[in-house]
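Notes follow the structure.
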Amino acid sequence: MIPTREITWNVDLIGRVALYALLALPAGFLAFGLARRARMWRLGQPDDRFDRLPSRLWGALVQGILHARIVRRRNLYGGVMHALVFWGFVILFIGTVIVMVEHDVAVPLFGLSFYRGNFYLGFKLAMNLAGLMLIAGVLMAFARRLMLQPATFESSADDLVVLAFLLVLSVQGFILQALRLAVERDPWAPWSFVSYPMSLALQSLPERWLRGLHLVNWWSHTLTTTVFLAYVAYSKMIHPFTGLASVVFRRLRPPGRLDPIENLEEANRLGIAGLEDFTWAQLLQVDACMHCGRCLEYCPTFRTGKPLRPRDLILEVAGYVADRGGIFSGELGQGMNAARFRWGAGAERELIGGVVSTEEIWDCTTCGACMEQCPVYIEHVPLIVGMRRNLVLERSEFPGELTAVFTNLERLGSPYQFRPAQRADWTRKLEHPVPEMAEVVASGEDVDYLLWVGCLGSFDGRNQRTTIALARILQAAGIRFAILGREETCTGDPARRVGNEYLAQLLAQQAVETLNACQVRKIVTTCPHCFNAIRNEFPQLGGHYEVVHHSQLISTLLAEGRIRLQSGSAVAQGKVTYHDPCYLGRYNRVFDEPRAALSALPGIQLAEMPRNRSRSFCCGGGGGRMFMEETRGQRINQARVREALETGAEVLAAACPFCMTMFEDGIRGAGAEGSLQVLDIAELVAGALVTPRDDSRAAAGAGLEPPA
Amino acid sequence: MTTLTTLWRHITEFGWLAIVLGIATIVAGELVGWGGARLVAAALVSAGGLALGISYGIREPGRRRVRGWLARYGRALVWLLAALITLPAALALGAAAIGSVVLVSHGSIDAMPLAGLAVAAGMLTAMTAVAFVALRATRAALSKDGARQVGVDTWERRS
Ligand code: SF4
Ligand code: SF4
């Protein structure tokens with residue numbers, strides 16, 4: 001006997017006809033839902049996301065199908081759960097297609113049957129395994145939603161209905177198999193290892209009962225499949241389609257680059273305030289959100305109890321565009337996704353203020369932790385900045401603290417009330433002078449690097465110490481460098497992140513003109529915000545430079561032996577923990593060099609905080625937040641300081657002037673002045689630097705000539 | 001605009017026609033025992049469903065009626081579907097338990113059927129629990145009456 005089975009066993013004529021006639025329902029409902037969505041996406045503004053197609057498809061395979069962003073060590077439970085559900089479902093779906101091909105194509109058209117023998121046995125094994133995987137995954141999901149209840153979770157009726165459907169479908173599959181086996185008593189039944197034991201329990205019942213039960217269950221299974229597939233486009237189950245599309249059309253441009261408003265002077269609408277202001281890719285993205293809450297895991301505003309929760313913000317916008325765009329979503333009402341209607345209900349709600357609160361819009365530090373985690377590559381920051389743009393440029397509504405910042409940027413080229421002439425004052429504290437670029441150009445000389453000092457590094461007393469330390473390191477290494485001095489202006493980063501695109505473009509343009517006029521090629525800076533703007537945003541304005549962060553240059557100088565360190569540092573010993581600045585780490589993937597520089601310090605032991613590298617926790621100062629009062633929830637900087645304290649470190653190593661300022665403040669706020677100090681990497685290295693003076697002292701002690 | 005409307009009308013007509021033809025094909029095929037009819041029927045019916053779905057989906061949204069209908073009959077529909085979907089499975093899983101009792105009464109039960117009983121009991125528990133939780137959540141969602149309040153037909157009023 002060859003192992004196989006009769007497809008549509010025990011199914012009568014009406015059943016066999018219904019099986020095909022009912023196909024119209026899921027096909028129709030799915031097409032309707034997708035067409036409605038496509039219609040809505042087409043209402044969006046143009047956005048070129050069709051470039052580099054191979055990378056896009058490869059990303060979809062790795063991220064979407066292979067779950068690279070879903071199965072992560074830090075969220076293993078959720079990742080494994082999703083993989084079980086996804087792969088269980090996919091294998092069962094493929095199995096169904098295989099059966100259809102055998103039954104509807106291979107046998108009737110070609111007289112060929114492959115659904116037999118070893119293939120059949122392997123198939124049965126795989127299907128039983130897949131069914132078990134699906135059930136296990138669904139039960140894990142239920143346990144997570146109802147018992148474990150992580151803080152990042154919120155369950156809607158839709159989530160639970162979809163899960164229930166998946167579980168019932170696989171249970172029904174096993175039941176049908178067991179009932180057939182109980183009647184047919186296949187000798188190869190043990191290959192169906194889940195249904196087989198059940199079939200043995202059923203065998204003692206009369207065959208008539210078993211056949212009757214099988215038929216009733218077959219109809220029930222057919223109905224369940226039809227209803228479930230018809231429901232897909234109106235439920236969370238649409239995410240395999242929209243999610244995959246969102247991954248394919250993800251942003252391939254550098255994540256730290258915000259797209260400018262083109263033709264700012266002539267633009268009719270500025271920023272995002274309604275359905276027609278979103279790009280089609282943004283409409284697709286918000287529609288693709290699967291409520292997983294991964295974006296909340298490292299979000300500083302969520303973790304410190306502020307109104308902004310990135311998942312909820314996306315769901316609010318998704319609800320709004322679904323209503324305005326005429327798609328069916330969340331039809332079971334408000335209870336479907338409570339998050340969508342957090343700020344009230346009603347069709348006529350305005351996007352800003354009615355659907356998304358202004359508190360949410362202004363709370364964001366633009367740290368990018370949400371975008372880094374989102375499995376379907378939703379871009380929260382451009383959305384938030386888009387709404388800020390509308391508030392600032394069209395409505396002139398922004399936090400009062402920003403008024404002074406805008407005025408200073410406009411008048412003085414810096415957020416602070418310092419004159420441009422004071423920009424180079426810090427150089428007076430150095431033993432050796434630092435030339436200005438204008439002089440260098442005039443003298444026809446050349447430099448290795450332009451040191452882009454940044455506003456905080458120029459004017460703020462605390463951050464000037466970092467600048468001075470870096471200058472000393474560069475001088476010790478024999479690097480020829482110059483500064484722009486009074487010619488330097490803000491890069492426009494703070495203005496851009498708070499939505500003042502007009503001012504941002506003005507400042508960036510001015511900076512690019514200055515740099516081009518000085519024929520600058522290589523830049524080193526201590527500020528990750530300047531680093532990000534110069535690297536990723538200046539090219540939009542014709543400024544193309546090779547820019548390095550000072551931590552990168554220092555680690556290279558150490559590796560090349562161009563600077564040497566003495567065993568006892570003047571500034572720190574013992575445990576040091578490093579904080580990854582968002583605009584250096586997450587946005588520009590500089591993770592290793594700062595650590596390499598710190599690890600080279602004698603007597604220093606690097607202790608990592610739990611949230612590090614791409615999962616670093618923001619200091620609270622980005623996105624213009626450093627200039628605004630933090631009135632809601634706990635203080636972000638203090639939360640991070642507490643995390644640093646828990647490592648037992650005495651030094652919190654920074655690599656960003658914004659972080660430096662936030663942590664100085666956070667340490668005071670947390671009352672940790674006696675136990676933790678914040679120092680920049682440059683300060684730590686400069687504190688252990690072997691200077692020519694040290695060399696001559698050592699040489700004199702040894703009776704040698706100092707090196708030339 | 002008129003050309004487009006005519007095109008969509010034709011697509012709709014094609015959709016209905018394909019479905020009717022598909023059903024006729026499968027009925028005839030099953031009656032005369034021609035297996036090839038299954039593929040033709042599946043293709044026709046699916047294509048018909050897709051055509052109808054797209055042609056209605058792309059048109060002006062008419063959500064008011066659907067939402068009103070859902071608000072009125074949604075709960076009854078949910079209960080009916082829940083019963084049709086879960087009761088037959090529960091019955092079969094219960095039958096496995098009865099089968100085990102019969103085996104026990106005949107003194108012929110061994111480890112495997114007992115394992116079967118355990119599997120059936122596990123599945124019955126899991127299915128009942130998730131169905132209960134999902135139904136409770138759906139009832140709560142529907143009782144908030146959001147379908148009529150939230151964002152109803154703004155698009156239609158604007159267009
Ligand atoms: S960018 Fe940062 S602060 Fe803003 S929503 Fe995302 S994680 Fe939260
Ligand atoms: S935005 Fe992304 S990470 Fe956040 S809930 Fe939606 S899909 Fe998940």
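Just so we're on the same page: first chain in the structure tokens is A, next is B, and so on; residues restart at 1 for each chain, and ligands are numbered from 1 in the order they show up.
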
Worksheet entry | Contacts of Leu135 of chain B within 9 Å, only C-alpha atoms, excl. fewer than 4 positions in-chain, as a VMD selection string | (chain A and resid 157 160 to 161) or (chain B and resid 78 to 79 82 130 to 131 139 to 140)

Practice prompt. With a cut-off of 7 Å and counting only C-alpha atoms, select all residues of chain A in contact with chain B and give the selection as a ChimeraX atom specification.
Written response: /A:17,20-21,23-25,27-29,31-33,35-36,39,104-105,108-109,157,160-161,164,167-168,171-172,175,197-198,200-205,213,216-217,220,224,323-326,331-336,345-347

Worksheet entry | Contacts of Ala471 of chain A at 10 Å (only C-alpha atoms; same-chain gap of 2+ positions) as a list in words |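 Counting only the stated atoms, we get Thr427, Leu430, His432, Pro433, Val434, Leu451, Arg465, Thr466, Thr467, Ile468, Ala469, Ile473, Leu474, Gln475, Ala476, Ala477, Ile479, Phe481, Ala482, Ala682 and Ala686 of chain A.
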
Let's have the selection written as a short mmCIF file (atom, residue, chain, number, x, y, z; two decimals), in the first residue's frame, with all heavy atoms.
```cif
data_model
loop_
_atom_site.label_atom_id
_atom_site.label_comp_id
_atom_site.auth_asym_id
_atom_site.auth_seq_id
_atom_site.Cartn_x
_atom_site.Cartn_y
_atom_site.Cartn_z
N THR A 427 40.18 79.64 22.72
CA THR A 427 41.56 79.33 22.29
C THR A 427 42.59 80.03 23.19
O THR A 427 43.73 79.61 23.27
CB THR A 427 41.81 79.76 20.84
OG1 THR A 427 41.52 81.14 20.70
CG2 THR A 427 40.97 78.96 19.85
N LEU A 430 44.53 77.99 25.67
CA LEU A 430 45.50 77.00 25.18
C LEU A 430 46.92 77.56 25.22
O LEU A 430 47.12 78.76 25.08
CB LEU A 430 45.17 76.64 23.74
CG LEU A 430 44.08 75.60 23.48
CD1 LEU A 430 43.78 75.54 22.00
CD2 LEU A 430 44.52 74.22 23.98
N HIS A 432 49.23 76.74 22.99
CA HIS A 432 49.62 77.02 21.60
C HIS A 432 48.45 77.62 20.85
O HIS A 432 47.32 77.17 21.02
CB HIS A 432 50.06 75.73 20.90
CG HIS A 432 51.14 75.01 21.65
ND1 HIS A 432 52.41 75.50 21.76
CD2 HIS A 432 51.11 73.84 22.34
CE1 HIS A 432 53.14 74.66 22.49
NE2 HIS A 432 52.36 73.64 22.87
N PRO A 433 48.69 78.58 20.00
CA PRO A 433 47.56 79.22 19.30
C PRO A 433 46.91 78.29 18.27
O PRO A 433 47.55 77.36 17.79
CB PRO A 433 48.22 80.41 18.58
CG PRO A 433 49.66 80.03 18.46
CD PRO A 433 49.98 79.14 19.62
N VAL A 434 45.65 78.57 17.98
CA VAL A 434 44.93 77.81 16.94
C VAL A 434 44.62 78.78 15.81
O VAL A 434 43.96 79.80 16.04
CB VAL A 434 43.62 77.21 17.49
CG1 VAL A 434 42.85 76.48 16.38
CG2 VAL A 434 43.91 76.27 18.64
N LEU A 451 38.55 72.16 12.52
CA LEU A 451 37.86 71.79 13.76
C LEU A 451 36.56 72.58 13.83
O LEU A 451 36.58 73.81 13.99
CB LEU A 451 38.75 72.09 14.98
CG LEU A 451 38.09 71.98 16.36
CD1 LEU A 451 37.46 70.61 16.59
CD2 LEU A 451 39.09 72.30 17.47
N ARG A 465 35.75 73.09 27.86
CA ARG A 465 36.82 72.21 28.38
C ARG A 465 37.04 71.02 27.45
O ARG A 465 38.16 70.55 27.29
CB ARG A 465 36.47 71.76 29.81
CG ARG A 465 36.67 72.92 30.74
CD ARG A 465 36.34 72.76 32.20
NE ARG A 465 36.05 71.49 32.78
CZ ARG A 465 35.16 71.34 33.77
NH1 ARG A 465 34.47 72.39 34.22
NH2 ARG A 465 34.96 70.18 34.31
N THR A 466 35.96 70.54 26.86
CA THR A 466 36.10 69.44 25.90
C THR A 466 36.86 69.92 24.66
O THR A 466 37.76 69.24 24.16
CB THR A 466 34.70 68.94 25.47
OG1 THR A 466 33.98 68.55 26.62
CG2 THR A 466 34.79 67.79 24.49
N THR A 467 36.48 71.09 24.18
CA THR A 467 37.12 71.64 22.98
C THR A 467 38.62 71.83 23.23
O THR A 467 39.46 71.46 22.38
CB THR A 467 36.47 72.98 22.59
OG1 THR A 467 35.06 72.87 22.71
CG2 THR A 467 36.82 73.38 21.18
N ILE A 468 38.92 72.36 24.39
CA ILE A 468 40.33 72.59 24.72
C ILE A 468 41.08 71.26 24.80
O ILE A 468 42.19 71.12 24.27
CB ILE A 468 40.45 73.38 26.05
CG1 ILE A 468 39.92 74.81 25.83
CG2 ILE A 468 41.87 73.41 26.57
CD1 ILE A 468 39.65 75.58 27.11
N ALA A 469 40.44 70.28 25.42
CA ALA A 469 41.09 68.96 25.54
C ALA A 469 41.36 68.39 24.15
O ALA A 469 42.45 67.84 23.89
CB ALA A 469 40.19 68.03 26.33
N ILE A 473 44.96 67.44 22.31
CA ILE A 473 45.25 66.12 21.73
C ILE A 473 45.74 66.28 20.29
O ILE A 473 46.75 65.67 19.89
CB ILE A 473 43.99 65.22 21.76
CG1 ILE A 473 43.61 64.90 23.21
CG2 ILE A 473 44.20 63.94 20.98
CD1 ILE A 473 42.23 64.26 23.37
N LEU A 474 45.05 67.12 19.53
CA LEU A 474 45.43 67.31 18.13
C LEU A 474 46.83 67.91 18.04
O LEU A 474 47.66 67.50 17.21
CB LEU A 474 44.42 68.22 17.41
CG LEU A 474 42.98 67.70 17.31
CD1 LEU A 474 42.09 68.70 16.59
CD2 LEU A 474 42.92 66.36 16.60
N GLN A 475 47.09 68.86 18.93
CA GLN A 475 48.42 69.48 18.92
C GLN A 475 49.49 68.47 19.31
O GLN A 475 50.56 68.41 18.70
CB GLN A 475 48.43 70.69 19.85
CG GLN A 475 47.67 71.87 19.24
CD GLN A 475 47.47 73.03 20.21
OE1 GLN A 475 47.63 72.87 21.44
NE2 GLN A 475 47.10 74.19 19.68
N ALA A 476 49.17 67.64 20.30
CA ALA A 476 50.14 66.62 20.72
C ALA A 476 50.42 65.62 19.59
O ALA A 476 51.53 65.09 19.47
CB ALA A 476 49.62 65.88 21.94
N ALA A 477 49.39 65.38 18.80
CA ALA A 477 49.56 64.40 17.70
C ALA A 477 50.19 65.04 16.47
O ALA A 477 50.43 64.35 15.47
CB ALA A 477 48.20 63.82 17.34
N ILE A 479 48.76 67.23 14.52
CA ILE A 479 47.77 67.44 13.44
C ILE A 479 47.64 68.93 13.17
O ILE A 479 47.52 69.72 14.11
CB ILE A 479 46.41 66.86 13.89
CG1 ILE A 479 46.55 65.39 14.16
CG2 ILE A 479 45.29 67.21 12.90
CD1 ILE A 479 45.69 64.46 13.46
N PHE A 481 45.50 71.83 12.24
CA PHE A 481 44.07 72.12 12.18
C PHE A 481 43.82 73.61 12.38
O PHE A 481 44.67 74.34 12.89
CB PHE A 481 43.29 71.29 13.21
CG PHE A 481 43.54 71.69 14.64
CD1 PHE A 481 42.64 72.51 15.31
CD2 PHE A 481 44.66 71.25 15.31
CE1 PHE A 481 42.87 72.88 16.62
CE2 PHE A 481 44.90 71.62 16.63
CZ PHE A 481 44.00 72.43 17.28
N ALA A 482 42.63 73.99 11.94
CA ALA A 482 42.25 75.40 12.11
C ALA A 482 40.76 75.44 12.47
O ALA A 482 40.07 74.42 12.39
CB ALA A 482 42.49 76.16 10.81
N ALA A 682 37.36 63.20 25.14
CA ALA A 682 38.56 64.03 24.89
C ALA A 682 39.21 64.43 26.21
O ALA A 682 40.44 64.42 26.33
CB ALA A 682 38.17 65.26 24.09
N ALA A 686 42.88 63.42 27.11
CA ALA A 686 43.84 64.52 27.33
C ALA A 686 44.43 64.44 28.74
O ALA A 686 45.60 64.77 28.95
CB ALA A 686 43.16 65.86 27.12
#
```

Discussion item. Show me which residues line ligand 1, defined as having an atom within 6 Å of a ligand atom where only C-alpha atoms and all ligand atoms count, and present them as a ChimeraX atom specification.
Written reply: /A:299-301,310,364-370,381

Kindly save the residues from that selection, with C-alpha atoms included, as a tab-separated table (two decimals), in the first residue's frame.
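What follows is the written file again-v7.tsv:
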```
chain	number	residue	atom	x	y	z
A	299	CYS	CA	11.61	55.53	23.97
A	300	PRO	CA	12.66	58.08	26.59
A	301	THR	CA	9.30	59.84	26.67
A	310	PRO	CA	5.37	56.45	19.55
A	364	CYS	CA	9.96	64.02	21.20
A	365	THR	CA	13.75	64.15	21.52
A	366	THR	CA	14.11	62.79	17.94
A	367	CYS	CA	16.41	60.15	19.41
A	368	GLY	CA	15.36	57.59	16.79
A	369	ALA	CA	15.04	54.69	19.24
A	370	CYS	CA	11.53	54.01	17.96
A	381	VAL	CA	10.73	61.29	13.57
```

Worksheet item: atom CA of Gly386 of chain A and atom CA of Ile272 of chain A, how far apart in Å?
Response: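 Atom CA of Gly386 of chain A lies at a distance of 5.0 Å from atom CA of Ile272 of chain A.
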
Item to complete: To one decimal in Å, tell me the separation between atom CA of Val376 of chain A and atom CA of Gly243 of chain A.
Response: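 Between atom CA of Val376 of chain A and atom CA of Gly243 of chain A the gap is 5.4 Å.
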
Practice prompt. All residues within 6 Å of ligand 2 are required, counting only C-alpha atoms and all ligand atoms; please report them as a VMD selection string.
Written response: chain A and resid 289 to 295 311 314 373 to 376 378

Please save N, CA and C atoms of the selected residues as a CSV table (one decimal), in the first residue's frame.
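See again_1.csv below for the written result:
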```
chain,number,residue,atom,x,y,z
A,289,CYS,N,1.4,49.7,10.7
A,289,CYS,CA,1.7,49.5,12.2
A,289,CYS,C,0.9,48.3,12.7
A,290,MET,N,1.6,47.4,13.4
A,290,MET,CA,0.9,46.2,13.9
A,290,MET,C,0.8,46.2,15.4
A,291,HIS,N,0.9,47.4,16.0
A,291,HIS,CA,0.7,47.6,17.4
A,291,HIS,C,1.6,46.8,18.3
A,292,CYS,N,2.8,46.4,17.8
A,292,CYS,CA,3.6,45.5,18.6
A,292,CYS,C,4.2,46.2,19.8
A,293,GLY,N,4.4,47.5,19.8
A,293,GLY,CA,4.9,48.2,20.9
A,293,GLY,C,6.4,48.2,21.0
A,294,ARG,N,7.1,47.6,20.0
A,294,ARG,CA,8.6,47.6,20.1
A,294,ARG,C,9.2,49.0,20.1
A,295,CYS,N,8.5,49.9,19.5
A,295,CYS,CA,9.0,51.3,19.4
A,295,CYS,C,9.0,51.9,20.8
A,311,ARG,N,4.1,54.4,19.5
A,311,ARG,CA,3.1,53.5,19.0
A,311,ARG,C,1.7,54.1,18.9
A,314,ILE,N,1.4,56.7,16.2
A,314,ILE,CA,1.2,56.1,14.9
A,314,ILE,C,-0.2,55.6,14.8
A,373,GLN,N,13.8,50.3,16.3
A,373,GLN,CA,13.2,49.1,16.8
A,373,GLN,C,12.1,48.6,15.9
A,374,CYS,N,11.5,49.5,15.2
A,374,CYS,CA,10.2,49.1,14.5
A,374,CYS,C,10.5,48.1,13.4
A,375,PRO,N,9.8,46.9,13.5
A,375,PRO,CA,10.1,45.9,12.5
A,375,PRO,C,9.6,46.2,11.1
A,376,VAL,N,8.7,47.2,11.0
A,376,VAL,CA,8.3,47.5,9.6
A,376,VAL,C,8.8,48.9,9.2
A,378,ILE,N,8.8,51.9,10.3
A,378,ILE,CA,8.0,53.2,10.4
A,378,ILE,C,8.9,54.3,10.8
```

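Each of A:Ile361, A:Val286, A:Val547, A:Val690 was compared to Gln566 of chain A using only C-alpha atoms, and A:Val690 turns out to be the nearest.
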
Practice prompt. Tell me, in Å to one decimal, how far atom CA of Val107 of chain A is from atom CA of Arg5 of chain A.
Written response: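 Computing it gives 13.4 Å between the two atoms.
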
Worksheet item: Smallest atom-to-atom distance to Leu264 of chain A: which of A:Ser195, A:Thr514, A:Asn500, A:Gln63, using only C-alpha atoms?
Response: A:Asn500

Discussion item. Need the shell around segment 650-655 of chain A: protein/DNA/RNA residues with any atom at most 10 Å away, counting only C-alpha atoms. Skip same-chain ones fewer than 3 positions apart. Format as a PyMOL selection string?
Written reply: chain A and resi 466+526-528+549-551+571-581+584+594-595+598+604+606-607+641+644-645+647+658-661+663+667+674-684

Could the residues in this selection be written to a file with C-alpha atoms, as an mmCIF file, in the first residue's frame?
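Produced file out.cif, reproduced below:
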```
data_model
loop_
_atom_site.group_PDB
_atom_site.id
_atom_site.type_symbol
_atom_site.label_atom_id
_atom_site.label_comp_id
_atom_site.auth_asym_id
_atom_site.auth_seq_id
_atom_site.Cartn_x
_atom_site.Cartn_y
_atom_site.Cartn_z
ATOM 1 C CA THR A 466 36.098 69.438 25.897
ATOM 2 C CA THR A 526 32.966 67.109 19.008
ATOM 3 C CA CYS A 527 29.239 67.555 18.447
ATOM 4 C CA PRO A 528 27.273 64.583 17.029
ATOM 5 C CA HIS A 549 33.669 62.719 15.130
ATOM 6 C CA HIS A 550 36.445 63.488 17.580
ATOM 7 C CA SER A 551 36.070 60.061 19.206
ATOM 8 C CA VAL A 571 41.336 62.982 35.708
ATOM 9 C CA ALA A 572 39.914 59.498 36.199
ATOM 10 C CA GLN A 573 40.635 55.971 37.294
ATOM 11 C CA GLY A 574 38.486 52.890 37.773
ATOM 12 C CA LYS A 575 35.080 52.203 36.308
ATOM 13 C CA VAL A 576 33.812 54.325 33.455
ATOM 14 C CA THR A 577 30.521 53.885 31.656
ATOM 15 C CA TYR A 578 29.964 55.236 28.177
ATOM 16 C CA HIS A 579 26.755 56.832 26.940
ATOM 17 C CA ASP A 580 26.121 56.471 23.196
ATOM 18 C CA PRO A 581 24.811 59.789 21.861
ATOM 19 C CA LEU A 584 26.471 59.510 16.803
ATOM 20 C CA PRO A 594 34.528 55.779 21.376
ATOM 21 C CA ARG A 595 34.811 52.488 23.233
ATOM 22 C CA LEU A 598 38.196 54.585 26.368
ATOM 23 C CA ILE A 604 40.145 52.521 33.210
ATOM 24 C CA LEU A 606 34.680 50.110 30.839
ATOM 25 C CA ALA A 607 31.303 49.119 32.316
ATOM 26 C CA VAL A 641 22.099 59.108 35.254
ATOM 27 C CA ALA A 644 24.853 54.984 34.900
ATOM 28 C CA LEU A 645 25.036 54.925 38.694
ATOM 29 C CA THR A 647 26.889 50.218 36.867
ATOM 30 C CA PHE A 658 24.268 68.209 24.524
ATOM 31 C CA CYS A 659 24.653 65.026 26.567
ATOM 32 C CA MET A 660 27.302 66.746 28.657
ATOM 33 C CA THR A 661 24.946 69.572 29.564
ATOM 34 C CA PHE A 663 24.081 64.950 32.433
ATOM 35 C CA ILE A 667 23.672 64.448 38.171
ATOM 36 C CA GLY A 674 29.647 63.029 45.022
ATOM 37 C CA SER A 675 29.438 59.681 43.255
ATOM 38 C CA LEU A 676 29.405 60.396 39.515
ATOM 39 C CA GLN A 677 31.062 62.910 37.255
ATOM 40 C CA VAL A 678 30.578 63.371 33.559
ATOM 41 C CA LEU A 679 33.639 63.758 31.349
ATOM 42 C CA ASP A 680 34.026 63.848 27.613
ATOM 43 C CA ILE A 681 36.209 61.237 25.938
ATOM 44 C CA ALA A 682 38.555 64.026 24.888
ATOM 45 C CA GLU A 683 38.956 65.136 28.496
ATOM 46 C CA LEU A 684 39.682 61.597 29.634
#
```

Practice prompt. Mind the document's chain letters and residue numbers, and return as a PyMOL selection string the residues of segment 430-619 of chain A that DSSP labels strand (DSSP E or B).
Written response: chain A and resi 436+449-452+481-483+522-525+546-549+565+574-578+604-606

Practice prompt. Write out as an MDAnalysis selection string each polymer residue whose atoms come within 7 Å of segment 389-404 of chain A, counting only C-alpha atoms; drop sequence neighbours fewer than 3 positions from it.
Written response: chainID A and resid 270:273 385:386 407:408 499:501 627:628

Got time to write the residues from that selection, all heavy atoms, as a CSV table (one decimal), in the first residue's frame?
```csv
chain,number,residue,atom,x,y,z
A,270,LEU,N,2.9,74.0,4.5
A,270,LEU,CA,4.2,73.7,5.2
A,270,LEU,C,4.0,72.7,6.3
A,270,LEU,O,3.2,72.9,7.2
A,270,LEU,CB,4.8,75.0,5.7
A,270,LEU,CG,5.0,76.1,4.7
A,270,LEU,CD1,5.3,77.4,5.4
A,270,LEU,CD2,6.2,75.7,3.8
A,271,GLY,N,4.7,71.6,6.2
A,271,GLY,CA,4.6,70.6,7.2
A,271,GLY,C,3.3,69.7,7.0
A,271,GLY,O,2.7,69.8,6.0
A,272,ILE,N,3.0,69.0,8.0
A,272,ILE,CA,1.9,68.0,8.0
A,272,ILE,C,0.8,68.5,8.9
A,272,ILE,O,1.0,68.7,10.1
A,272,ILE,CB,2.4,66.6,8.4
A,272,ILE,CG1,3.5,66.1,7.5
A,272,ILE,CG2,1.2,65.7,8.5
A,272,ILE,CD1,4.1,64.8,8.0
A,273,ALA,N,-0.4,68.7,8.3
A,273,ALA,CA,-1.5,69.1,9.1
A,273,ALA,C,-2.8,68.4,8.7
A,273,ALA,O,-3.8,68.6,9.2
A,273,ALA,CB,-1.7,70.6,9.0
A,385,VAL,N,8.5,65.7,13.1
A,385,VAL,CA,9.1,67.0,12.6
A,385,VAL,C,8.1,67.6,11.6
A,385,VAL,O,8.0,68.9,11.6
A,385,VAL,CB,10.5,66.7,12.1
A,385,VAL,CG1,11.0,68.0,11.4
A,385,VAL,CG2,11.4,66.3,13.2
A,386,GLY,N,7.5,66.8,10.8
A,386,GLY,CA,6.5,67.4,9.8
A,386,GLY,C,5.4,68.1,10.5
A,386,GLY,O,5.0,69.2,10.1
A,407,THR,N,15.4,83.7,17.8
A,407,THR,CA,15.9,85.1,17.7
A,407,THR,C,17.4,85.1,17.6
A,407,THR,O,18.0,85.7,16.8
A,407,THR,CB,15.4,86.0,18.8
A,407,THR,OG1,14.0,85.8,19.0
A,407,THR,CG2,15.7,87.4,18.6
A,408,ASN,N,18.0,84.3,18.6
A,408,ASN,CA,19.5,84.3,18.6
A,408,ASN,C,20.0,83.6,17.4
A,408,ASN,O,21.0,84.1,16.8
A,408,ASN,CB,19.9,83.4,19.8
A,408,ASN,CG,19.6,84.2,21.1
A,408,ASN,OD1,19.5,85.4,21.1
A,408,ASN,ND2,19.5,83.4,22.2
A,499,GLY,N,11.4,72.1,13.8
A,499,GLY,CA,10.4,72.4,12.7
A,499,GLY,C,10.6,73.8,12.0
A,499,GLY,O,9.9,74.1,11.1
A,500,ASN,N,11.6,74.6,12.5
A,500,ASN,CA,11.8,75.8,11.8
A,500,ASN,C,12.7,75.6,10.6
A,500,ASN,O,13.9,76.0,10.6
A,500,ASN,CB,12.4,76.9,12.8
A,500,ASN,CG,12.3,78.3,12.2
A,500,ASN,OD1,12.2,78.5,11.0
A,500,ASN,ND2,12.3,79.2,13.1
A,501,GLU,N,12.1,75.0,9.6
A,501,GLU,CA,12.9,74.6,8.4
A,501,GLU,C,13.5,75.9,7.7
A,501,GLU,O,14.5,75.8,7.1
A,501,GLU,CB,12.0,73.8,7.5
A,501,GLU,CG,12.6,73.3,6.2
A,501,GLU,CD,13.7,72.3,6.4
A,501,GLU,OE1,13.9,71.8,7.5
A,501,GLU,OE2,14.4,72.0,5.4
A,627,PHE,N,16.5,73.0,24.8
A,627,PHE,CA,16.1,74.4,25.0
A,627,PHE,C,14.7,74.6,25.6
A,627,PHE,O,14.3,75.7,25.8
A,627,PHE,CB,16.1,75.1,23.6
A,627,PHE,CG,17.5,74.9,22.9
A,627,PHE,CD1,17.6,74.1,21.8
A,627,PHE,CD2,18.6,75.6,23.4
A,627,PHE,CE1,18.8,73.9,21.2
A,627,PHE,CE2,19.8,75.4,22.7
A,627,PHE,CZ,19.9,74.6,21.6
A,628,MET,N,14.0,73.4,25.8
A,628,MET,CA,12.7,73.5,26.4
A,628,MET,C,12.6,73.0,27.8
A,628,MET,O,13.4,72.1,28.1
A,628,MET,CB,11.7,72.7,25.5
A,628,MET,CG,11.7,73.2,24.0
A,628,MET,SD,10.6,72.1,23.1
A,628,MET,CE,11.6,71.7,21.7
```
